[in-house]
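Enquirer: Have a look at this one.
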Amino acid sequence: MISNKMIGLVQNSSVIRAMFEEGKRLASIYGAENVYDFSLGNPSVEPPRTVKDAVIETINEESANLVHGYMNNSGYEDVRRAIANSINKKFKTSFGEENIIMTVGAAGGLNVILKTLLNPGDEVITFAPFFGEYRNYVSNFDGELVIVSPNTINFQPNLAEFEEKITPKTKAVIINTPNNPTGVVYSEETIIALSDILRRKQTEFNTSIYLISDEPYRELVYDEIEVPYLTKYYKNTIVGYSFSKSLSLPGERIGYLVIPKEVDDFADITAAANVATRILGFVNAPSLLQRVVAKCLDSEVDVSVYNRNRELLYNSLIDYGYTCVKPEGAFYLFVKALEEDDKAFAAAAKKYNILIVPGSSFGCPGYCRIAYCVDYKTILGSLEGFKKLADEYINK
C-alpha cells in the first residue's frame, strides 16, 4: 500500500499533465498537426546558441572531475558569484556568492525554502489564481496553504483580503509575477502596498513573515513592462529563480535561490537551506548546468516570438467574443470560460481538438488557461475551432 497522503495526491494529480497526455493520445489519432495543445508551459522557442556553445566549451575545456563532481550543497562558488554579480548589475543590488543557493529549478528551490521555514501547521498565503503545485509544495512539509480569492477585474492581488488573512501562524507568502496563469505583472504600486501590509503585520504579531518570490518568467515581458525586484521593497524577501523559461531549459532543472543578508535569521536560514538541499535528495543542483548557465547570464530567448503568438491569439479571441486580460508577461492567456463550469468548457473545447486547462486548477474557477508557447501555425490552425466553440455559446 502506498501512503495515505500519496493516495490523495495520485487521485488529484496535475490536470495540466493529464491534458498534456491527452494531447499525445489525440495526436496519435488525428495527427499532431490537427491537435492544438495549449496545456503545458513548455517553451517552443529554442535555447540561445550560446547555451549549446557553453555546453561544448564546458565539456571540452574544463576538468571532467570539476564538471561532473560534487561541490558545496549550495553550488560552485564561482557560479554563485557570477550570478550575484549579474543580479547586481541588472537591479542595483549588492549580493555576493553567500546569498545564492543553486537549486533544481524553481520548484526545487521552493521546496528547499519551505522545508527550511515551515513547522507543521504554519500558514503560507498565496494569491489566486496560482500555480497549482503550490498546494503540494506546502503540504510536503505539513504547512497550510491559505488562498486569497482572485481579483478578476485586473488580476492584481486582492490586498484587502490578504491583510485580513494574515495571522500569527503566517510564516510565508508566495508571490508569482509575471503570473502563471494570467500573464499579469504585479505593479510597483501593488508591491509597495503588499510590503507595507507585511511590515505592519510583522510588528503586530512580533513574527517574521517571509515573502517568497517565484520568478521563472521574469525575463518574459512585453511592451517594455518592468518587473519590480522584490528584495528592494521588503527585506524578508527570498527569490526563487529558474532558467527554464529565460533560456528555454525546462527539462534541465536549473535555478537558484536568492537569500539577502537582510532577512531575519539569515545565517540559520542559509545553513538550513543547504541542509535541506541535501536531505531532500537533490544533494546539489546539476553540476554541468551550473557551469553552463554561468556562461549564459547575458543571453536571452527571442521573446518577440511569444509576443507574435500573444497578439494573434489575444486579438482573435477578443474578436470572437471571449473575455481576457491582456497578458504583460509569461506566455499564457487566462480566458473567461463561456459557461460557469470551466471543466465542462475545457471538455467542450476538446471537440475541436483544442486542449486548454480549467482555471479551477489554479484556484480560479470560471476561467481557462491557454499556453501560447507553441508554434505560430498551431495558433493559426486552432482559430477556426476557437470561433466555432464561441459560436456554440454566444450565437446559439
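Residues in the C-alpha cells are numbered from 1 in each chain, the chains being A, B, ... in the order shown, and ligands are numbered from 1 in the order shown.
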For Arg253 in chain A, please output as a list in words all residues within 10 Å (counting only C-alpha atoms; exclusion window: fewer than 2 positions along the same chain).
Expert: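 The filter keeps Thr103, Val104, Gly105, Ala106, Ala107, Gly108, Ser242, Phe243, Ser244, Leu249, Pro250, Gly251, Gly255, Ala285, Pro286 and Leu289 of chain A.
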Enquirer: At a cut-off of 12 Å, using only C-alpha atoms, what residues contact Tyr137 in chain A? Leave out same-chain residues fewer than 6 positions from it and give the result as a PyMOL selection string.
Expert: chain A and resi 9+106-115+118+124+131+143-145+174
Enquirer: Restrict the selected residues to N, CA, C and O atoms and save them as a tab-separated table (two decimals), in the first residue's frame.
Expert:
chain	number	residue	atom	x	y	z
A	9	LEU	N	-2.77	12.44	-3.46
A	9	LEU	CA	-2.03	13.16	-4.49
A	9	LEU	C	-2.18	12.50	-5.85
A	9	LEU	O	-2.28	13.17	-6.88
A	106	ALA	N	13.14	26.19	-10.17
A	106	ALA	CA	12.40	26.98	-9.18
A	106	ALA	C	11.60	26.07	-8.26
A	106	ALA	O	11.45	26.35	-7.07
A	107	ALA	N	11.11	24.96	-8.79
A	107	ALA	CA	10.33	24.02	-7.97
A	107	ALA	C	11.20	23.44	-6.86
A	107	ALA	O	10.78	23.38	-5.70
A	108	GLY	N	12.42	23.03	-7.21
A	108	GLY	CA	13.33	22.55	-6.19
A	108	GLY	C	13.65	23.61	-5.17
A	108	GLY	O	13.71	23.36	-3.97
A	109	GLY	N	13.84	24.85	-5.66
A	109	GLY	CA	14.14	25.95	-4.75
A	109	GLY	C	13.00	26.24	-3.79
A	109	GLY	O	13.23	26.48	-2.59
A	110	LEU	N	11.77	26.21	-4.28
A	110	LEU	CA	10.63	26.45	-3.40
A	110	LEU	C	10.52	25.37	-2.34
A	110	LEU	O	10.24	25.65	-1.16
A	111	ASN	N	10.75	24.12	-2.73
A	111	ASN	CA	10.69	23.05	-1.75
A	111	ASN	C	11.81	23.18	-0.72
A	111	ASN	O	11.60	22.91	0.47
A	112	VAL	N	12.98	23.60	-1.15
A	112	VAL	CA	14.09	23.80	-0.22
A	112	VAL	C	13.75	24.88	0.81
A	112	VAL	O	13.94	24.69	2.02
A	113	ILE	N	13.23	26.01	0.34
A	113	ILE	CA	13.00	27.11	1.29
A	113	ILE	C	11.79	26.81	2.17
A	113	ILE	O	11.77	27.19	3.36
A	114	LEU	N	10.79	26.12	1.66
A	114	LEU	CA	9.65	25.75	2.51
A	114	LEU	C	10.06	24.71	3.55
A	114	LEU	O	9.62	24.76	4.69
A	115	LYS	N	10.91	23.77	3.16
A	115	LYS	CA	11.46	22.81	4.13
A	115	LYS	C	12.24	23.55	5.21
A	115	LYS	O	12.18	23.20	6.40
A	118	LEU	N	9.18	25.98	7.37
A	118	LEU	CA	7.88	25.58	7.90
A	118	LEU	C	7.95	24.58	9.05
A	118	LEU	O	8.67	23.58	8.97
A	124	VAL	N	0.99	29.39	4.85
A	124	VAL	CA	1.61	30.05	3.70
A	124	VAL	C	0.49	30.63	2.86
A	124	VAL	O	-0.43	29.91	2.46
A	131	PHE	N	-0.09	28.91	-9.37
A	131	PHE	CA	0.42	27.63	-9.88
A	131	PHE	C	0.00	26.52	-8.91
A	131	PHE	O	0.34	26.55	-7.74
A	143	GLY	N	2.54	22.18	6.06
A	143	GLY	CA	2.03	23.53	6.19
A	143	GLY	C	0.60	23.62	5.70
A	143	GLY	O	0.05	22.67	5.14
A	144	GLU	N	-0.01	24.78	5.91
A	144	GLU	CA	-1.38	25.03	5.47
A	144	GLU	C	-1.36	26.16	4.43
A	144	GLU	O	-0.89	27.26	4.73
A	145	LEU	N	-1.85	25.87	3.22
A	145	LEU	CA	-1.91	26.90	2.20
A	145	LEU	C	-3.19	27.71	2.38
A	145	LEU	O	-4.30	27.17	2.39
A	174	ILE	N	3.73	33.41	-0.85
A	174	ILE	CA	4.31	33.12	-2.17
A	174	ILE	C	3.65	34.05	-3.19
A	174	ILE	O	2.43	34.12	-3.30
Enquirer: Which of range 11-195 of chain A counts as helix (DSSP H, G or I) under DSSP, as a PyMOL selection string please?
Expert: chain A and resi 11+15-30+32-34+49-61+64-68+77-91+97-99+105-117+133-139+159-165+188-195
Enquirer: Give me the residues within 12 Å of Ala272 in chain A as JSON, numbers by chain, counting only C-alpha atoms and dropping any in the same chain fewer than 3 places off.
Expert: {"A": [73, 74, 101, 112, 113, 114, 115, 116, 117, 118, 259, 265, 266, 267, 268, 269, 275, 276, 277, 278, 279, 280]}
Enquirer: Write out as a list in words the residues lying within 9 Å of Ile225 in chain A, counting only C-alpha atoms and excluding same-chain residues fewer than 5 positions away.
Expert: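 Counting only the stated atoms, we get Val185, Glu328 and Gly329 of chain A.
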Enquirer: With N, CA, C and O atoms retained, could you export that selection as a short mmCIF file (atom, residue, chain, number, x, y, z; two decimals), in the first residue's frame?
Expert:
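What ended up in part_27.cif:
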data_model
loop_
_atom_site.label_atom_id
_atom_site.label_comp_id
_atom_site.auth_asym_id
_atom_site.auth_seq_id
_atom_site.Cartn_x
_atom_site.Cartn_y
_atom_site.Cartn_z
N VAL A 185 1.65 41.18 -14.70
CA VAL A 185 2.80 41.61 -13.91
C VAL A 185 2.28 42.47 -12.76
O VAL A 185 1.55 43.43 -12.99
N GLU A 328 0.84 40.71 -19.76
CA GLU A 328 2.00 41.60 -19.88
C GLU A 328 3.31 40.81 -19.86
O GLU A 328 4.37 41.35 -20.16
N GLY A 329 3.24 39.55 -19.48
CA GLY A 329 4.42 38.71 -19.40
C GLY A 329 4.05 37.24 -19.44
O GLY A 329 2.89 36.88 -19.65
#
Enquirer: Quick one: residues within 12 Å of Ala82 in chain A, only C-alpha atoms, excluding same-chain residues fewer than 5 positions away - as a list of chain:residue names?
Expert: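 Contacts, in chain order: A:Gly75, A:Tyr76, A:Glu77, A:Ile87, A:Asn88, A:Lys89, A:Phe95, A:Gly96, A:Glu97, A:Glu98, A:Asn99, A:Ile100, A:Met102, A:Gln290, A:Arg291, A:Val292, A:Val293, A:Ala294, A:Lys295, A:Cys296, A:Leu297, A:Asp298.
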Enquirer: Give me, as CSV, the closest atom pair and its distance (Å, one decimal) for every residue of range 9-59 of chain A within a cut-off of 12 Å of range 309-315 of chain A, counting only C-alpha atoms, rows sorted by chain and rising number.
Expert:
residue,atom,partner,partner_atom,distance
A:Phe38,CA,A:Leu313,CA,11.4
A:Ser44,CA,A:Asn309,CA,10.9
A:Val45,CA,A:Asn309,CA,11.5
Enquirer: Any chance you can output those residues with all heavy atoms as a PDB file, in the first residue's frame?
Expert:
ATOM      1  N   PHE A  38      -2.605  23.442 -25.943  1.00  0.00           N
ATOM      2  CA  PHE A  38      -2.206  24.638 -25.211  1.00  0.00           C
ATOM      3  C   PHE A  38      -2.120  24.342 -23.709  1.00  0.00           C
ATOM      4  O   PHE A  38      -2.314  25.232 -22.886  1.00  0.00           O
ATOM      5  CB  PHE A  38      -3.217  25.751 -25.449  1.00  0.00           C
ATOM      6  CG  PHE A  38      -3.346  26.188 -26.886  1.00  0.00           C
ATOM      7  CD1 PHE A  38      -4.394  25.728 -27.675  1.00  0.00           C
ATOM      8  CD2 PHE A  38      -2.424  27.050 -27.451  1.00  0.00           C
ATOM      9  CE1 PHE A  38      -4.529  26.138 -28.997  1.00  0.00           C
ATOM     10  CE2 PHE A  38      -2.545  27.462 -28.774  1.00  0.00           C
ATOM     11  CZ  PHE A  38      -3.599  26.999 -29.553  1.00  0.00           C
ATOM     12  N   SER A  44       8.441  26.807 -26.757  1.00  0.00           N
ATOM     13  CA  SER A  44       8.628  26.412 -28.158  1.00  0.00           C
ATOM     14  C   SER A  44       9.843  27.088 -28.769  1.00  0.00           C
ATOM     15  O   SER A  44      10.345  26.640 -29.805  1.00  0.00           O
ATOM     16  CB  SER A  44       7.381  26.777 -28.971  1.00  0.00           C
ATOM     17  OG  SER A  44       7.091  28.156 -28.867  1.00  0.00           O
ATOM     18  N   VAL A  45      10.308  28.172 -28.158  1.00  0.00           N
ATOM     19  CA  VAL A  45      11.492  28.869 -28.646  1.00  0.00           C
ATOM     20  C   VAL A  45      12.738  28.107 -28.205  1.00  0.00           C
ATOM     21  O   VAL A  45      12.870  27.740 -27.039  1.00  0.00           O
ATOM     22  CB  VAL A  45      11.538  30.312 -28.113  1.00  0.00           C
ATOM     23  CG1 VAL A  45      12.807  31.025 -28.567  1.00  0.00           C
ATOM     24  CG2 VAL A  45      10.308  31.077 -28.569  1.00  0.00           C
TER      25      VAL A  45
END
